[in-house]
Each structure stands twice: as C-alpha cells, then as structure tokens.
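Some notes on the structure that comes next.
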Amino acid sequence: MSEQQFDICVVGGAGHVGLPLALVFAAKNLNVAIYDINQNTLKTISEGKMPWLEEGAQPVLEQVLASERLHLFNDPTVIARSKTVIVTIGTPVDEFLNPVHRVVRDCLDDLLDHFRDGQLLILRSTVFPGTTEWLARRLDESGKKIKLAFCPERIVQGFAIKELQGMPQIVSGATPEAALAAHELFGLVAPETIELKPMEAEFAKLFNNCYRYIQFSIANQFYMIAESAGVDYLSIHHAMTHHYPRAKDMPLPGFTAGPCLFKDTMQLAAFSRNQFALGHAAMLVNEGMVLYVIERMRAQYDLEKMTVGILGMAFKANSDDRRASLSYKLKKALALHAKAVLTSDPLVSDDPELLPMEDVIAKSDVLILGTPHREYAHLDTRGKPIFDVWHYLDAKGC
Ligand SMILES: NC(=O)c1ccc[n+]([C@@H]2O[C@H](COP(=O)([O-])OP(=O)(O)OC[C@H]3O[C@@H](n4cnc5c(N)ncnc54)[C@H](O)[C@@H]3O)[C@@H](O)[C@H]2O)c1
C-alpha cells in the first residue's frame, strides 16, 4: 500500500503559531501533517486536548482529528510526503540580545535531505531580514528545486483561529512562481493577500511588532512620569483619549512582555547595527517598569520585613503562557528586596511554585497585579494594598 500523502506539513506544528495554522488548514479539508520534536505536546494534541488556551481551537482540534485531516509526526520523513512545508519554529534572541541565526539554519540543514523537487517551502517564523534570500541561495547550492516563500505570521497569541481567517496575509516568494503558490494556498483561509518582496515582508513583520512595542512604551513612560509627579495617570489617559480621535489608540500602561515584541525589536536593532534608538529606548522603558514598581514600593514600605504577593504570572491577560513574562522579572528582582515573594496565577499550569490566589493574598503584606486576568475583575484583596500599573482594578471598580 502506498504511503499517505499530505497537502501541508507544518514543521514546529505543535507550537503556538504552527498548531492553529495546521488546524485552520485541516478545517478547510486539506490533509495536514504536523512534524514537531516535542513529543509531550504531540501526545497532548493526539489525545484531542489543546496544549494551551487558544480561543475557538478545541472544537476544531476535535473535528479535524475525527475527520482524519490532522496527523501528528515526530519523524521528519513526513516532509517528503507533503506538497507544501511550512516552517514555524521559534526564532529567539540569545542572552546578549543577538538573533540566534543558527536555529533556522540548523533546522533547515537537518531537514534538507527530506525535501524533494517541486515542493513549496514557506517560512512563517519571524526571521532576521535577509533570511529568505540566504535560504534561497542555500537551496540552490544543494541542487534542490524548491519553491521558497516567506509568509509571516501576524496573529495575536490566543486568537489565531479567528485572526488567520480575518486578516490579510502578507506573501512573498524567492521567485514569482513561489509567490503565486503561496498566494493560492493562503487564499484558502485569508480574506486577502498582500505581495511584497521577501526582505520587505521580513521587515513588515518586524516593523509591525516593533511599532506595537514602542506604542506600549510611550504609555508606560507617560505613566511613570505622571505617577512620579504624584498625579493620577488613569484620569489623564481618559482626558487624552475621550472623543479625541488622534489619541484613540493610546494604550494603558502595563508590563509589556511575551515571546515576540521584545525579541523582534532586538532583532531589528541587531539588523540596524544597534542604531535603532527608538527600539532600544522602548526596551529600556518597558523592561524598566518592573524596577520602577519596586522602587515605588520600597519608597512606601519596608519591604525587607514584608511578603510580597504577585497575582498573575502569564505574560498577558487571559493567557496561560508565561514565556518572557515580566512577572518573573518582578519575582527575581523582588527576591533581593522583600522578605518573601509568593506567586499565583489562575491559568498558568506549568509552574510548580504557584500557590492558590487565596493563600497568596492571606500570606502577603502587599500585592502586585502582575497580569490583569479577567479572574481578577472582582478581586478582594482583604484590605491588602495592591500595586496595579495596568489600572485594571480601578477600571473594574475594585
Ligand atoms: N506566538 C505568537 O503569537 C507569534 C505570533 C507571530 C509570530 N510568531 C513567530 O512564530 C515563530 C514561532 O513562535 P511560537 O510562539 O509558535 O513558538 P513555540 O515555541 O510555541 O513553537 C515552536 C515549535 O517548534 C518546535 N520546534 C523547534 N525546533 C524544531 C525543529 N528543529 N523541528 C521541528 N520542530 C521544532 C517546538 O517544539 C515548538 O513546538 C517565532 O518566530 C515567533 O516570533 C509568534
């Protein structure tokens, strides 16, 4: 019997970008394979359970497993049996904030033998500018006749199922043929596609994320200036934005964190020979929020004699993802100043140090709202003071 063939293989398909993408294509009746090295997550998915919170994904997962449109592999040989291969592996920066080019290079070198002539290879991870052109040369040198495209993922984490089908998809190809093939594929799910050259598409993705990171940093900087001057930032924000169209998008302050915005800003800084002054300034402001909060606490309290409780450890509200969360930076920095630091989160399930919220509130002298989960909308701190840079509890009338 001949081996099963697939329309798409998503490499890194057990990840936050790869899995929703695989689900959306499988729900369009394509035959989709996931190839991933993470066996634990593959097992969770094969049992019909979403490994993290992703709105609307659970029923789609159940449906595509039942209809046998989704297949899971821990073995890269499935690549050779797939018409299109989409790569969604993580593309981090290292501890010195340099992009780790090796990740994409090693992954593709490992997979090269499995590619066959005529396939469409789509890079979807956020990559350092020039990566697609570099890969096109690498494929040429190998003698493989692969159509190479770069089509960046721009979803907001947790809402991929909806956004993948509601947002324009940027497509680019190393050749017109590759761009056309990518356009046809994404045309099955996205309402429209926008074509750019590969390096333009790489920049578009990075610029989108850097713009957002800088936007948050302005809100955070204004907040710190206002609070240091002893005035209420929430009132100012309301006055600035209420029925004033030119400021309507101004975000509220918060701990700006997560696996994408910071590292993509640093990728762009590295690309521009560290001459990305706005990006670096945004990083100093956003990362500095943690130290600012601690300084304000120390100015009011003798923290050395106090237990501090952090409520919310995920990197953003209503998410269970704690990757690159500033709540952990808070925890680390507070360990130097407070008698003890206790942490809690109603959604995060992979941190054994977390305690139930009631215990943290009961045992702490002072609290910090690390993440404004909706579970905290009616928070009763039992009279304990709470630092809330998000202004979430004020807005909820707590
Ligand atoms: N998370 C987001 O919301 C988001 C949004 C837009 C873009 N991105 C970008 O998408 C990329 C992936 O991010 P993510 O959040 O999905 O990361 P992730 O860590 O959740 O997923 C990556 C997956 O790739 C797998 N993997 C790693 N190396 C592999 C290899 N050699 N072969 C097969 N599988 C491998 C991992 O096991 C993991 O399941 C990054 O470039 C990121 O910047 C992320």
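So you can find residues: chains in the structure tokens are A, B, ... in the order shown, residues in each start at 1, and ligands are numbered from 1 in order.
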### Query
If you count only C-alpha atoms and all ligand atoms, which residues end up within 9 Å of ligand 1, as a PyMOL selection string?
chain A and resi 10-19+34-39+41-42+74-76+87-92+103-104+106-108+110-111+124-127+152-160+205+209+258-261+263-264+323
Determine, for each residue of region 212-301 of chain A having at least one atom at most 12 Å from an atom of region 335-347 of chain A, the closest pair of atoms and their separation in Å to one decimal, counting only C-alpha atoms; order by chain and ascending number, as CSV.
residue,atom,partner,partner_atom,distance
A:Leu291,CA,A:His337,CA,11.3
A:Ile294,CA,A:His337,CA,8.6
A:Glu295,CA,A:His337,CA,9.9
A:Met297,CA,A:His337,CA,10.1
A:Arg298,CA,A:His337,CA,8.2
A:Ala299,CA,A:His337,CA,11.8
A:Tyr301,CA,A:Ala338,CA,10.0
### Message
Neighbouring residues of Ala362 (chain A) were defined as those with any atom within 10 Å, considering only C-alpha atoms; residues of the same chain fewer than 6 positions away were excluded. Please report them as a ChimeraX atom specification.
### Response
/A:309,381-382,384
Those same residues, written as a PDB file, in the first residue's frame with C-alpha atoms?
ATOM      1  CA  GLY A 309       2.407  38.515  46.517  1.00  0.00           C
ATOM      2  CA  THR A 381      -7.509  41.851  48.460  1.00  0.00           C
ATOM      3  CA  ARG A 382      -8.819  41.730  52.049  1.00  0.00           C
ATOM      4  CA  LYS A 384      -4.038  44.455  51.447  1.00  0.00           C
TER       5      LYS A 384
END
### Task
Excluding region 192-196 of chain A and any residue of its chain fewer than 3 positions from it, enumerate the residues within 8 Å of it, using only C-alpha atoms, and give them as a PyMOL selection string.
chain A and resi 167-172+179+183+186-187+200-201
Using only C-alpha atoms, which protein or nucleic acid residues come within 10 Å of Gln5 (chain A)? Drop anything in the same chain fewer than 5 positions from it, and give the result as a compact mmCIF listing (two decimals) with N, CA and C atoms, in the first residue's frame.
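Result written to selection.txt:
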# COMPACT_ATOMS: atom_id res chain seq x y z
N ASN A 31 -5.36 17.88 3.83
CA ASN A 31 -4.74 16.81 4.60
C ASN A 31 -3.46 17.38 5.21
N VAL A 32 -3.46 17.54 6.54
CA VAL A 32 -2.36 18.29 7.17
C VAL A 32 -1.56 17.38 8.10
N ALA A 33 -0.23 17.45 7.96
CA ALA A 33 0.66 16.75 8.89
C ALA A 33 1.36 17.79 9.76
N VAL A 78 8.10 12.60 7.07
CA VAL A 78 6.79 13.01 6.57
C VAL A 78 6.92 14.21 5.61
N ILE A 79 8.01 14.94 5.72
CA ILE A 79 8.22 16.11 4.86
C ILE A 79 8.21 15.70 3.38
N ALA A 80 8.85 14.60 3.09
CA ALA A 80 8.93 14.15 1.70
C ALA A 80 7.57 13.78 1.13
N ARG A 81 6.60 13.53 2.03
CA ARG A 81 5.27 13.11 1.57
C ARG A 81 4.29 14.27 1.52
N SER A 82 4.83 15.50 1.61
CA SER A 82 3.95 16.66 1.70
C SER A 82 4.20 17.60 0.52
N LYS A 83 3.11 18.14 0.00
CA LYS A 83 3.22 19.03 -1.16
C LYS A 83 3.84 20.37 -0.74
### Query
Could you pull out the alpha helix (DSSP H) residues of region 113-205 of chain A from DSSP and send them as a ChimeraX atom specification?
/A:131-142,160-164,176-186,198-205
Can you write out as JSON lines which residues of region 190-294 of chain A fall within 12 Å of region 363-379 of chain A, alongside each residue's closest atom pair and its distance in Å to one decimal, counting only C-alpha atoms and ordering rows by chain and ascending residue number?
{"residue": "A:Leu252", "atom": "CA", "partner": "A:Pro372", "partner_atom": "CA", "distance": 11.9}
{"residue": "A:Pro253", "atom": "CA", "partner": "A:Pro372", "partner_atom": "CA", "distance": 11.5}
{"residue": "A:Gly254", "atom": "CA", "partner": "A:Thr371", "partner_atom": "CA", "distance": 8.4}
{"residue": "A:Phe255", "atom": "CA", "partner": "A:Gly370", "partner_atom": "CA", "distance": 7.5}
{"residue": "A:Thr256", "atom": "CA", "partner": "A:Thr371", "partner_atom": "CA", "distance": 10.1}
{"residue": "A:Ala257", "atom": "CA", "partner": "A:Thr371", "partner_atom": "CA", "distance": 10.4}
{"residue": "A:Gly258", "atom": "CA", "partner": "A:Thr371", "partner_atom": "CA", "distance": 11.7}
{"residue": "A:Met289", "atom": "CA", "partner": "A:Gly370", "partner_atom": "CA", "distance": 11.4}
{"residue": "A:Val290", "atom": "CA", "partner": "A:Gly370", "partner_atom": "CA", "distance": 9.7}
{"residue": "A:Val293", "atom": "CA", "partner": "A:Ile368", "partner_atom": "CA", "distance": 8.8}
{"residue": "A:Ile294", "atom": "CA", "partner": "A:Ile368", "partner_atom": "CA", "distance": 9.7}
What would the file look like if the residues just selected were written as a JSON list (two decimals), in the first residue's frame with N, CA and C atoms?
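Dumped to out27.json:
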[["chain", "number", "residue", "atom", "x", "y", "z"],
["A", 252, "LEU", "N", -3.19, 51.74, 27.58],
["A", 252, "LEU", "CA", -2.93, 51.97, 29.00],
["A", 252, "LEU", "C", -1.57, 51.36, 29.35],
["A", 253, "PRO", "N", -0.99, 51.76, 30.46],
["A", 253, "PRO", "CA", 0.31, 51.15, 30.82],
["A", 253, "PRO", "C", 0.16, 49.69, 31.25],
["A", 254, "GLY", "N", 1.28, 48.99, 31.31],
["A", 254, "GLY", "CA", 1.25, 47.59, 31.74],
["A", 254, "GLY", "C", 2.64, 47.00, 31.64],
["A", 255, "PHE", "N", 2.76, 45.75, 32.04],
["A", 255, "PHE", "CA", 4.04, 45.05, 31.89],
["A", 255, "PHE", "C", 4.09, 44.48, 30.48],
["A", 256, "THR", "N", 4.80, 45.14, 29.59],
["A", 256, "THR", "CA", 4.84, 44.75, 28.17],
["A", 256, "THR", "C", 5.84, 43.62, 28.00],
["A", 257, "ALA", "N", 5.34, 42.43, 27.71],
["A", 257, "ALA", "CA", 6.22, 41.27, 27.74],
["A", 257, "ALA", "C", 5.81, 40.27, 26.66],
["A", 258, "GLY", "N", 6.31, 39.04, 26.79],
["A", 258, "GLY", "CA", 5.92, 37.98, 25.87],
["A", 258, "GLY", "C", 7.02, 37.58, 24.93],
["A", 289, "MET", "N", 9.78, 49.14, 33.74],
["A", 289, "MET", "CA", 8.54, 49.23, 34.53],
["A", 289, "MET", "C", 8.64, 48.39, 35.81],
["A", 290, "VAL", "N", 9.27, 47.26, 35.68],
["A", 290, "VAL", "CA", 9.39, 46.35, 36.82],
["A", 290, "VAL", "C", 10.18, 47.02, 37.95],
["A", 293, "VAL", "N", 8.26, 49.92, 39.60],
["A", 293, "VAL", "CA", 7.26, 49.49, 40.59],
["A", 293, "VAL", "C", 7.95, 49.11, 41.91],
["A", 294, "ILE", "N", 9.06, 48.41, 41.79],
["A", 294, "ILE", "CA", 9.75, 48.00, 43.01],
["A", 294, "ILE", "C", 10.27, 49.23, 43.77]]
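Using only C-alpha atoms, the nearest neighbour of Thr265 (chain A) within the list A:Phe128, A:Phe115, A:Trp52, A:Ala181 is A:Phe128.
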### Message
Which residues are close to Tyr223 (chain A), i.e. within 10 Å by only C-alpha atoms, leaving aside same-chain residues fewer than 4 positions away? Reply as an MDAnalysis selection string.
### Response
chainID A and resid 217:219 227:229 231:234 236:237 252:254 289 389:390
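What separates CA of Leu30 (chain A) from CA of Pro51 (chain A) is a distance of 22.2 Å.
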### Query
So which bits of region 301-397 of chain A end up strand (DSSP E or B) when you DSSP the backbone, as number ranges by chain?
A: 307-311, 340-344, 366-369, 386-387
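Using only C-alpha atoms for every distance, the candidate list A:Lys162, A:Lys396, A:His238, A:Lys316 yields A:Lys162 as the residue closest to Pro20 (chain A).
In this structure, CA of Ala57 (chain A) sits 12.0 Å away from CA of Leu164 (chain A).
Between CA of Lys329 (chain A) and CA of Ala282 (chain A) there is a distance of 16.8 Å.
The shortest atom-to-atom distance to Ser349 (chain A), with only C-alpha atoms taken into account, belongs to A:Gly312 out of A:Gly130, A:Gly230, A:Gly312, A:Gly48.
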